[in-house]
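J.: This structure is in structure tokens; I'll ask about it shortly.
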Amino acid sequence: MTTSIETSFVDNHALMLRALNIGKTFTLHGQGGVQIEALAGVSLDVGRGECVVLVGPSGAGKSTLLRCLYGNYLASAGTIAIRDEAHEAKHVQITGAEPRDVLYLRRSVVGYVSQFLRVIPRVSTLDLVAEPLVSRGVDENEAHQRAAALLARLNVPERLWPLAPATFSGGEQQRVNIARGLIAEHPVLLLDEPTASLDAENRDIVADLIVEARERGAAIVGIFHDEDTRAKVATQRLELRPPLRHAPALH
Ligand SMILES: Nc1ncnc2c1ncn2[C@@H]1O[C@H](COP(=O)(O)OP(=O)(O)O)[C@@H](O)[C@H]1O
Ligand SMILES: [Mg+2]
């Protein structure tokens with residue numbers, strides 16, 4: 001990683017995401033300003049067709065890193081840049097981007113699948129899964145057809161499709177969440193334990209979908225709690241360790 005962020009997306013056509021020396025420190029304002037260093041000096045490059053699997057113990061900062069990459073948390077140090085697919089050789093620097101640029105990236109470039117579905121009351125499963133396509137201008141009928149095909153592949157029973165997922169089981173909600181996250185075929189995908197509450201059969205289906213995304217050229221960063229899934233999807237691994245925590249100063 002010797003080239004700067006400025007030239008790297010021009011020089012390397014496969015590069016989709018570059019993070020350099022990311023740090024993230026949380027300040028707990030309600031608790032005497034105690035500081036928690038969650039990440040320090042983390043760098044990664046992700047190219048088209050690559051899947052970087054984040055490994056490390058609970059509390060190592062894996063989810064925090066994904067949230068920084070998505071622009072959900074602002075990194076305290078370092079730079080994150082993501083290729084802007086619509087504009088040849090351009091990139092958006094997430095660290096320091098305007099909110100509208102972050103929203104543009106999320107609609108067009110970066111998809112994120114969290115561990116839990118954020119349920120929107122009264123919106124049917126089919127509409128929820130189709131929505132990322134509809135918001136990108138895909139015809140509603142076609143969006144519904146693609147949503148149905150993906151839900152069927154993920155073994156979400158058809159009788160559930162007209163219902164809002166609020167009452168679904170954890171595993172059903174997780175599969176709806178995955179369908180919503182994968183349907184728009186974003187060029188960059190961030191996956192935070194998308195298989196944590198699935199049985200082995202459905203976990204394999206999700207792993208197949210992730211490999212298919214990779215094979216169509218998606219650049220993926222993911223966290224997977226089981227070694228089987230990691231082994232299937234990973235092209236690289238990045239080990240995170242909890243940084244040395246700074247004890248609060250004694251007065
Ligand atoms: N919003 C937050 N506020 C304060 N501390 C946080 C926040 N999110 C994460 N942390 C802390 O950052 C560290 C890393 O957490 P996390 O990224 O969730 O780890 P992992 O996903 O590897 O288990 C933990 O010590 C956690 O308590
Ligand atoms: Mg986590």
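As shown in the structure tokens, the chain order sets the letters A, B, ...; within each chain, residues go from 1, and ligands are also counted from 1 in the order they appear.
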Taking only residues of chain A that have an atom at most 10 Å from an atom of ligand 1, what is each one's shortest atom pair and its distance in Å to one decimal, using only C-alpha atoms and all ligand atoms, in chain and number order, as a Markdown table?

T.:
```
| residue | atom | partner | partner_atom_place_in_ligand_line | distance |
| --- | --- | --- | --- | --- |
| A:Lys24 | CA | ligand 1 | 12 (O) | 8.3 |
| A:Thr25 | CA | ligand 1 | 12 (O) | 7.9 |
| A:Phe26 | CA | ligand 1 | 4 (C) | 5.1 |
| A:Thr27 | CA | ligand 1 | 4 (C) | 6.8 |
| A:Leu28 | CA | ligand 1 | 4 (C) | 6.4 |
| A:His29 | CA | ligand 1 | 4 (C) | 9.7 |
| A:Val34 | CA | ligand 1 | 4 (C) | 9.6 |
| A:Gln35 | CA | ligand 1 | 4 (C) | 8.4 |
| A:Ile36 | CA | ligand 1 | 5 (N) | 6.2 |
| A:Glu37 | CA | ligand 1 | 12 (O) | 6.8 |
| A:Ala38 | CA | ligand 1 | 12 (O) | 4.3 |
| A:Leu39 | CA | ligand 1 | 14 (C) | 7.4 |
| A:Leu54 | CA | ligand 1 | 22 (O) | 8.5 |
| A:Val55 | CA | ligand 1 | 22 (O) | 7.9 |
| A:Gly56 | CA | ligand 1 | 22 (O) | 6.4 |
| A:Pro57 | CA | ligand 1 | 22 (O) | 6.1 |
| A:Ser58 | CA | ligand 1 | 23 (O) | 3.6 |
| A:Gly59 | CA | ligand 1 | 19 (O) | 3.5 |
| A:Ala60 | CA | ligand 1 | 22 (O) | 3.8 |
| A:Gly61 | CA | ligand 1 | 17 (O) | 3.2 |
| A:Lys62 | CA | ligand 1 | 22 (O) | 3.7 |
| A:Ser63 | CA | ligand 1 | 21 (O) | 3.7 |
| A:Thr64 | CA | ligand 1 | 17 (O) | 3.7 |
| A:Leu65 | CA | ligand 1 | 17 (O) | 6.5 |
| A:Leu66 | CA | ligand 1 | 17 (O) | 8.2 |
| A:Arg67 | CA | ligand 1 | 17 (O) | 8.4 |
| A:Cys68 | CA | ligand 1 | 17 (O) | 9.9 |
| A:Tyr73 | CA | ligand 1 | 1 (N) | 8.3 |
| A:Asp192 | CA | ligand 1 | 21 (O) | 8.2 |
| A:Glu193 | CA | ligand 1 | 21 (O) | 9.1 |
| A:Ile223 | CA | ligand 1 | 21 (O) | 8.2 |
| A:Leu240 | CA | ligand 1 | 22 (O) | 7.6 |
| A:Arg241 | CA | ligand 1 | 22 (O) | 8.3 |
| A:Pro242 | CA | ligand 1 | 14 (C) | 7.3 |
| A:Pro243 | CA | ligand 1 | 13 (C) | 9.1 |
| A:Arg245 | CA | ligand 1 | 25 (O) | 8.8 |
```

J.: Using only N, CA and C atoms, please write the residues we just selected to a file, as an mmCIF file, in the first residue's frame.

T.:
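Contents of the output file selection-v1.cif:
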```cif
data_model
loop_
_atom_site.group_PDB
_atom_site.id
_atom_site.type_symbol
_atom_site.label_atom_id
_atom_site.label_comp_id
_atom_site.auth_asym_id
_atom_site.auth_seq_id
_atom_site.Cartn_x
_atom_site.Cartn_y
_atom_site.Cartn_z
ATOM 1 N N LYS A 24 -10.584 4.184 15.824
ATOM 2 C CA LYS A 24 -11.882 4.631 16.330
ATOM 3 C C LYS A 24 -11.868 4.581 17.847
ATOM 4 N N THR A 25 -12.082 5.735 18.452
ATOM 5 C CA THR A 25 -12.140 5.832 19.906
ATOM 6 C C THR A 25 -13.518 6.356 20.288
ATOM 7 N N PHE A 26 -14.181 5.637 21.173
ATOM 8 C CA PHE A 26 -15.479 6.099 21.672
ATOM 9 C C PHE A 26 -15.255 6.844 22.983
ATOM 10 N N THR A 27 -15.955 7.938 23.151
ATOM 11 C CA THR A 27 -15.920 8.648 24.428
ATOM 12 C C THR A 27 -17.279 8.476 25.091
ATOM 13 N N LEU A 28 -17.274 7.900 26.270
ATOM 14 C CA LEU A 28 -18.533 7.670 26.977
ATOM 15 C C LEU A 28 -18.850 8.904 27.816
ATOM 16 N N HIS A 29 -19.585 9.844 27.206
ATOM 17 C CA HIS A 29 -19.824 11.137 27.870
ATOM 18 C C HIS A 29 -20.622 10.977 29.154
ATOM 19 N N VAL A 34 -14.951 8.436 29.897
ATOM 20 C CA VAL A 34 -14.047 7.298 29.677
ATOM 21 C C VAL A 34 -13.908 7.049 28.177
ATOM 22 N N GLN A 35 -12.679 6.789 27.738
ATOM 23 C CA GLN A 35 -12.446 6.551 26.317
ATOM 24 C C GLN A 35 -12.206 5.077 26.059
ATOM 25 N N ILE A 36 -12.858 4.566 25.030
ATOM 26 C CA ILE A 36 -12.656 3.184 24.623
ATOM 27 C C ILE A 36 -12.071 3.182 23.221
ATOM 28 N N GLU A 37 -10.866 2.663 23.116
ATOM 29 C CA GLU A 37 -10.243 2.583 21.797
ATOM 30 C C GLU A 37 -10.675 1.259 21.168
ATOM 31 N N ALA A 38 -11.489 1.327 20.134
ATOM 32 C CA ALA A 38 -12.016 0.107 19.521
ATOM 33 C C ALA A 38 -11.156 -0.360 18.353
ATOM 34 N N LEU A 39 -10.526 0.588 17.655
ATOM 35 C CA LEU A 39 -9.689 0.243 16.500
ATOM 36 C C LEU A 39 -8.462 1.131 16.504
ATOM 37 N N LEU A 54 -13.222 -10.646 8.294
ATOM 38 C CA LEU A 54 -12.639 -10.099 9.519
ATOM 39 C C LEU A 54 -12.724 -11.157 10.602
ATOM 40 N N VAL A 55 -11.592 -11.451 11.234
ATOM 41 C CA VAL A 55 -11.587 -12.417 12.327
ATOM 42 C C VAL A 55 -10.973 -11.776 13.569
ATOM 43 N N GLY A 56 -11.278 -12.357 14.707
ATOM 44 C CA GLY A 56 -10.775 -11.814 15.960
ATOM 45 C C GLY A 56 -11.829 -12.002 17.036
ATOM 46 N N PRO A 57 -11.392 -11.954 18.290
ATOM 47 C CA PRO A 57 -12.318 -12.228 19.389
ATOM 48 C C PRO A 57 -13.413 -11.173 19.490
ATOM 49 N N SER A 58 -14.456 -11.506 20.213
ATOM 50 C CA SER A 58 -15.522 -10.549 20.491
ATOM 51 C C SER A 58 -14.906 -9.301 21.120
ATOM 52 N N GLY A 59 -15.315 -8.146 20.656
ATOM 53 C CA GLY A 59 -14.759 -6.894 21.179
ATOM 54 C C GLY A 59 -13.518 -6.429 20.434
ATOM 55 N N ALA A 60 -13.117 -7.161 19.380
ATOM 56 C CA ALA A 60 -11.900 -6.796 18.640
ATOM 57 C C ALA A 60 -12.113 -5.592 17.729
ATOM 58 N N GLY A 61 -13.379 -5.189 17.554
ATOM 59 C CA GLY A 61 -13.637 -4.017 16.716
ATOM 60 C C GLY A 61 -14.132 -4.346 15.319
ATOM 61 N N LYS A 62 -14.554 -5.603 15.085
ATOM 62 C CA LYS A 62 -14.970 -6.017 13.744
ATOM 63 C C LYS A 62 -16.203 -5.225 13.278
ATOM 64 N N SER A 63 -17.231 -5.198 14.132
ATOM 65 C CA SER A 63 -18.451 -4.469 13.750
ATOM 66 C C SER A 63 -18.182 -2.972 13.636
ATOM 67 N N THR A 64 -17.326 -2.467 14.511
ATOM 68 C CA THR A 64 -16.985 -1.041 14.468
ATOM 69 C C THR A 64 -16.324 -0.700 13.134
ATOM 70 N N LEU A 65 -15.436 -1.561 12.664
ATOM 71 C CA LEU A 65 -14.778 -1.311 11.380
ATOM 72 C C LEU A 65 -15.811 -1.283 10.254
ATOM 73 N N LEU A 66 -16.728 -2.254 10.229
ATOM 74 C CA LEU A 66 -17.753 -2.256 9.171
ATOM 75 C C LEU A 66 -18.570 -0.976 9.213
ATOM 76 N N ARG A 67 -18.925 -0.541 10.431
ATOM 77 C CA ARG A 67 -19.731 0.685 10.552
ATOM 78 C C ARG A 67 -18.962 1.914 10.079
ATOM 79 N N CYS A 68 -17.648 1.925 10.326
ATOM 80 C CA CYS A 68 -16.827 3.031 9.801
ATOM 81 C C CYS A 68 -16.802 2.988 8.270
ATOM 82 N N TYR A 73 -20.343 5.145 11.601
ATOM 83 C CA TYR A 73 -19.473 5.777 12.589
ATOM 84 C C TYR A 73 -18.428 6.572 11.812
ATOM 85 N N ASP A 192 -22.323 -8.113 8.364
ATOM 86 C CA ASP A 192 -22.002 -8.309 9.780
ATOM 87 C C ASP A 192 -22.765 -9.510 10.329
ATOM 88 N N GLU A 193 -22.122 -10.640 10.352
ATOM 89 C CA GLU A 193 -22.707 -11.895 10.858
ATOM 90 C C GLU A 193 -24.089 -12.183 10.270
ATOM 91 N N ILE A 223 -18.118 -10.512 8.321
ATOM 92 C CA ILE A 223 -17.850 -11.159 9.610
ATOM 93 C C ILE A 223 -18.757 -12.387 9.662
ATOM 94 N N LEU A 240 -8.222 -8.917 13.519
ATOM 95 C CA LEU A 240 -8.260 -7.726 14.373
ATOM 96 C C LEU A 240 -8.050 -8.170 15.805
ATOM 97 N N ARG A 241 -7.325 -7.360 16.542
ATOM 98 C CA ARG A 241 -7.121 -7.628 17.972
ATOM 99 C C ARG A 241 -7.610 -6.415 18.730
ATOM 100 N N PRO A 242 -8.147 -6.632 19.932
ATOM 101 C CA PRO A 242 -8.546 -5.461 20.706
ATOM 102 C C PRO A 242 -7.303 -4.620 20.986
ATOM 103 N N PRO A 243 -7.317 -3.304 20.669
ATOM 104 C CA PRO A 243 -6.149 -2.482 20.997
ATOM 105 C C PRO A 243 -5.976 -2.448 22.506
ATOM 106 N N ARG A 245 -6.314 -1.239 25.871
ATOM 107 C CA ARG A 245 -7.272 -0.255 26.387
ATOM 108 C C ARG A 245 -6.556 0.708 27.324
#
```

J.: Mind checking DSSP for range 11-62 of chain A and telling me the strand (DSSP E) residues as a PyMOL selection string?

T.: chain A and resi 15-28+34-47+51-55

J.: Determine which residues of range 122-239 of chain A receive a DSSP assignment of alpha helix (DSSP H), computed from the backbone, and state them as a PyMOL selection string.

T.: chain A and resi 125-134+140-153+170-182+200-215+227-233

J.: CA of Leu163 in chain A and CA of Gln145 in chain A, how far apart in Å?

T.: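 Separating CA of Gln145 in chain A from CA of Leu163 in chain A is a distance of 16.5 Å.
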
J.: For each of A:Arg18, A:Arg237, A:His144, A:His13, take the minimum atom-to-atom distance to Leu69 in chain A, counting only C-alpha atoms, then give the residue where this is smallest.

T.: A:Arg18

J.: Can you pull out the residues contacting range 78-91 of chain A? Cut-off 7 Å, using only C-alpha atoms, and skip same-chain residues under 5 positions away; I want them as a ChimeraX atom specification.

T.: /A:9-10,16-23,69,109

J.: Just how far from CA of Thr229 in chain A is CA of Ser197 in chain A, in Å to one decimal?

T.: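 Computing the Euclidean distance for CA of Ser197 in chain A and CA of Thr229 in chain A yields 13.1 Å.
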
J.: Which is closest to ligand 2 among A:Ile5, A:Gln115, A:Gln174, A:Ala213, if we use only C-alpha atoms and all ligand atoms?

T.: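 That would be A:Gln115, the residue with the smallest distance to ligand 2.
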
J.: Quick one: of A:Gly170, A:Pro162, A:Gly47, A:Pro187, who's nearest to Asp127 in chain A, counting only C-alpha atoms?

T.: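 With only C-alpha atoms as the atom set, the closest residue is A:Pro162.
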
J.: Which one is closest to ligand 2: A:Ser114, A:Val123, A:Arg159, A:Thr167? Count only C-alpha atoms and all ligand atoms.

T.: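 Checking each candidate against ligand 2, we get A:Ser114 as the closest.
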
J.: Neighbours of Glu142 in chain A within 12 Å (only C-alpha atoms; same-chain residues fewer than 4 positions away dropped), as a VMD selection string?

T.: chain A and resid 126 to 127 130 to 131 133 to 134 137 to 138 146 to 149 183

J.: Which one of A:His225, A:Arg153, A:Arg175, A:Arg180 sits closest to ligand 2 if you count only C-alpha atoms and all ligand atoms?

T.: A:His225

J.: With only C-alpha atoms as the basis for distance, which of A:Gly71, A:Ser8, A:Asp45, A:Glu185 is at the shortest distance from Glu212 in chain A?

T.: A:Glu185

J.: How many Å lie between CA of Leu15 in chain A and CA of Asp101 in chain A, rounded to one decimal?

T.: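 Computing the Euclidean distance for CA of Leu15 in chain A and CA of Asp101 in chain A yields 19.4 Å.
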
J.: Find the residues near Leu189 in chain A: any atom within 6 Å, counting only C-alpha atoms, skip ones fewer than 5 places away on the same chain, and give them as a list in words.

T.: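 Contacts, with the query itself left out: Val110, Gly111, Tyr112 and Ile220 of chain A.
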